[in-house]
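Asker: Here you go, entry-v5.txt (compact mmCIF, C-alpha atoms):
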# COMPACT_ATOMS: atom_id res chain seq x y z
CA MET V 190 128.04 -0.85 -135.06
CA GLN V 191 131.30 -2.75 -135.31
CA VAL V 192 132.85 -4.66 -132.46
CA GLY V 193 135.24 -2.47 -130.48
CA GLN V 194 133.53 0.83 -131.30
CA ILE V 195 132.13 2.93 -128.48
CA ASN V 196 128.49 3.86 -128.85
CA MET V 197 128.40 7.66 -128.98
CA ARG V 198 125.23 7.61 -126.92
CA THR V 199 127.13 6.02 -124.02
CA PRO V 200 127.41 8.63 -121.29
CA LEU V 201 130.88 10.08 -120.98
CA TYR V 202 130.98 9.46 -117.23
CA LEU V 203 130.51 5.72 -117.82
CA VAL V 204 133.44 5.58 -120.23
CA CYS V 205 135.58 7.61 -117.80
CA TYR V 206 134.58 5.37 -114.91
CA ILE V 207 135.55 2.24 -116.86
CA LEU V 208 138.91 3.76 -117.79
CA TYR V 209 139.47 4.87 -114.19
CA THR V 210 138.69 1.36 -112.92
CA ILE V 211 141.06 -0.26 -115.42
CA PHE V 212 143.83 2.21 -114.54
CA THR V 213 143.34 1.81 -110.79
CA SER V 214 143.25 -1.99 -110.99
CA THR V 215 146.42 -2.02 -113.06
CA ILE V 216 148.29 0.29 -110.69
CA LEU V 217 147.18 -1.67 -107.62
CA SER V 218 148.17 -4.98 -109.27
CA ILE V 219 151.78 -3.96 -109.90
CA PRO V 220 152.93 -4.40 -106.26
CA LEU V 221 151.20 -7.79 -106.11
CA ALA V 222 152.97 -8.94 -109.28
CA LEU V 223 156.33 -7.72 -107.98
CA ARG V 224 155.82 -9.45 -104.64
CA TYR V 225 154.89 -12.67 -106.45
CA LEU V 226 158.01 -12.51 -108.64
CA ILE V 227 160.26 -11.81 -105.65
CA ARG V 228 158.81 -14.79 -103.80
CA ARG V 229 159.32 -17.04 -106.84
CA VAL V 230 163.06 -16.32 -106.99
CA SER V 231 163.68 -16.08 -103.24
CA PRO V 232 166.00 -18.81 -101.87
CA LEU V 233 164.03 -18.87 -98.62
CA ARG V 234 160.83 -19.73 -100.45
CA ALA V 235 160.51 -23.27 -99.09
CA ALA V 236 161.05 -22.14 -95.50
CA LYS V 237 158.50 -19.36 -95.86
CA GLU V 238 155.90 -21.69 -97.38
CA ILE V 239 156.05 -23.89 -94.31
CA GLN V 240 155.29 -20.87 -92.12
CA ASN V 241 152.43 -19.64 -94.33
CA ILE V 242 149.77 -21.81 -92.72
CA VAL V 243 147.77 -18.79 -91.53
CA ALA V 244 147.68 -15.40 -93.27
CA LEU V 245 146.03 -12.34 -91.75
CA TYR V 246 144.76 -9.49 -93.93
CA GLU V 247 143.31 -6.14 -92.95
CA GLY V 248 141.73 -3.60 -95.25
CA THR V 249 138.69 -1.52 -96.06
CA VAL V 250 135.63 -2.54 -98.04
CA ARG V 251 134.19 0.36 -100.01
CA HIS V 252 131.01 0.56 -102.07
CA GLU V 253 129.51 3.47 -103.97
CA ARG V 254 126.35 3.67 -106.04
CA ARG V 255 125.45 6.82 -107.95
CA HIS V 256 122.14 5.90 -109.56
CA PRO V 257 119.21 5.86 -108.97
CA VAL V 258 120.12 7.38 -105.58
CA HIS V 259 123.65 8.21 -104.48
CA HIS V 260 124.71 5.92 -101.66
CA SER V 261 128.12 4.90 -100.39
CA PHE V 262 129.67 3.20 -97.42
CA ARG V 263 132.95 1.79 -96.21
CA PHE V 264 133.90 -0.41 -93.33
CA PRO V 265 137.04 -2.04 -91.98
CA ALA V 266 137.49 -5.74 -92.71
CA ARG V 267 139.83 -8.39 -91.38
CA TYR V 268 140.33 -11.82 -92.89
CA ALA V 269 142.18 -14.88 -91.67
CA LEU V 270 143.14 -17.35 -94.38
CA ILE V 271 143.97 -20.80 -93.09
CA ASP V 272 145.57 -23.61 -95.07
CA LEU V 273 143.10 -26.39 -94.31
CA ASP V 274 145.58 -29.02 -95.49
CA ARG V 275 147.98 -27.96 -92.69
CA PRO V 276 145.91 -26.32 -89.95
CA PRO V 277 147.69 -25.31 -86.74
CA TYR V 278 144.88 -26.93 -84.75
CA SER V 279 141.77 -28.68 -86.00
CA PRO V 280 138.98 -29.75 -83.65
CA PRO V 281 137.16 -32.86 -84.93
CA ASN V 282 133.81 -31.10 -85.49
CA PHE V 283 135.23 -28.23 -87.61
CA LEU V 284 135.60 -27.97 -91.39
CA SER V 285 138.34 -30.27 -92.68
CA ALA V 286 140.24 -30.02 -95.95
CA GLU V 287 138.23 -32.92 -97.37
CA ASP V 288 134.94 -31.24 -96.36
CA ALA V 289 136.04 -28.02 -98.06
CA ARG V 290 137.04 -29.88 -101.25
CA ARG V 291 133.70 -31.66 -101.31
CA ALA V 292 131.79 -28.39 -100.81
CA ALA V 293 133.84 -26.56 -103.47
CA LYS V 294 133.74 -29.55 -105.85
CA THR V 295 137.49 -29.44 -106.36
CA ASN V 296 140.47 -31.65 -105.72
CA GLY V 297 143.09 -28.92 -105.35
CA PRO V 298 144.57 -27.24 -102.31
CA VAL V 299 142.16 -25.51 -99.95
Can you present the structure in this file as structure tokens?
Answerer:
Amino acid sequence: MQVGQINMRTPLYLVCYILYTIFTSTILSIPLALRYLIRRVSPLRAAKEIQNIVALYEGTVRHERRHPVHHSFRFPARYALIDLDRPPYSPPNFLSAEDARRAAKTNGPV
């Protein structure tokens, strides 16, 4: 079999699921790309970056398994992302930016 060919023994539902996932991911990524481009050209970008110390997100986590036994669940999720380099308040015994860099083995922003 050559690279890039689909094995004809591959179940059709698997191929359809992969195509569905690619399509859905692409469609859901378009608003993110547009928002990123708008923020890049916005004249108020610097002022907004100063305010973006804490970001709150709310959404739904969904999981579905079809084999060997069908099982699915979903639950609400909330996330708070905090810029550890510029925290609004940082008690001395909490995770610092340097602690996070050391744990992540990176030297970039955290």
Asker: Taking all atoms of segment 213-220 of chain V that the file lists and extending 4 Å past them on each side, where is the centre of the axis-aligned box and how long are its edges? Answer in Å to one decimal, as AutoDock Vina command-line options.
Answerer:
--center_x 148.1 --center_y -1.6 --center_z -109.7 --size_x 17.7 --size_y 14.8 --size_z 14.8
Asker: Enter the distance from atom CA of Ala244 of chain V to atom CA of Leu217 of chain V, in Å, rounded to one decimal.
Answerer: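 Atom-to-atom, atom CA of Ala244 of chain V and atom CA of Leu217 of chain V are spaced 19.9 Å apart.
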Asker: May I have the residues within 12 Å of segment 246-256 of chain V as a PyMOL selection string, using only C-alpha atoms and disregarding those fewer than 3 positions away in the same chain?
Answerer: chain V and resi 202-203+206+243+259-271
Asker: What is the atom CA of Pro281 of chain V to atom CA of Ile242 of chain V distance in Å?
Answerer: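 Straight-line distance from atom CA of Pro281 of chain V to atom CA of Ile242 of chain V works out to 18.5 Å.
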Asker: Would you compute the distance between atom CA of Leu208 of chain V and atom CA of Ala222 of chain V? Give it in Å to one decimal.
Answerer: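 That distance, rounded to one decimal, is 20.8 Å.
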Asker: Rank V:Ile211, V:Ile219, V:Ala286, V:Leu201 by their smallest atom-to-atom distance to Val299 of chain V, using all atoms listed in the file, and report the top residue only.
Answerer: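 Closest candidate: V:Ala286.
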Asker: Have a look at V:Val258, V:Ser218, V:Leu273, V:Leu226 and name the one nearest to Ala289 of chain V; count all atoms listed in the file.
Answerer: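 Under the stated criterion, the closest residue is V:Leu273.
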Asker: Using only C-alpha atoms, which of the listed residues (V:Ser279, V:Cys205, V:Asp272, V:Thr215) sits closest to Gly297 of chain V?
Answerer: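 Using only C-alpha atoms, Gly297 of chain V sits closest to V:Asp272.
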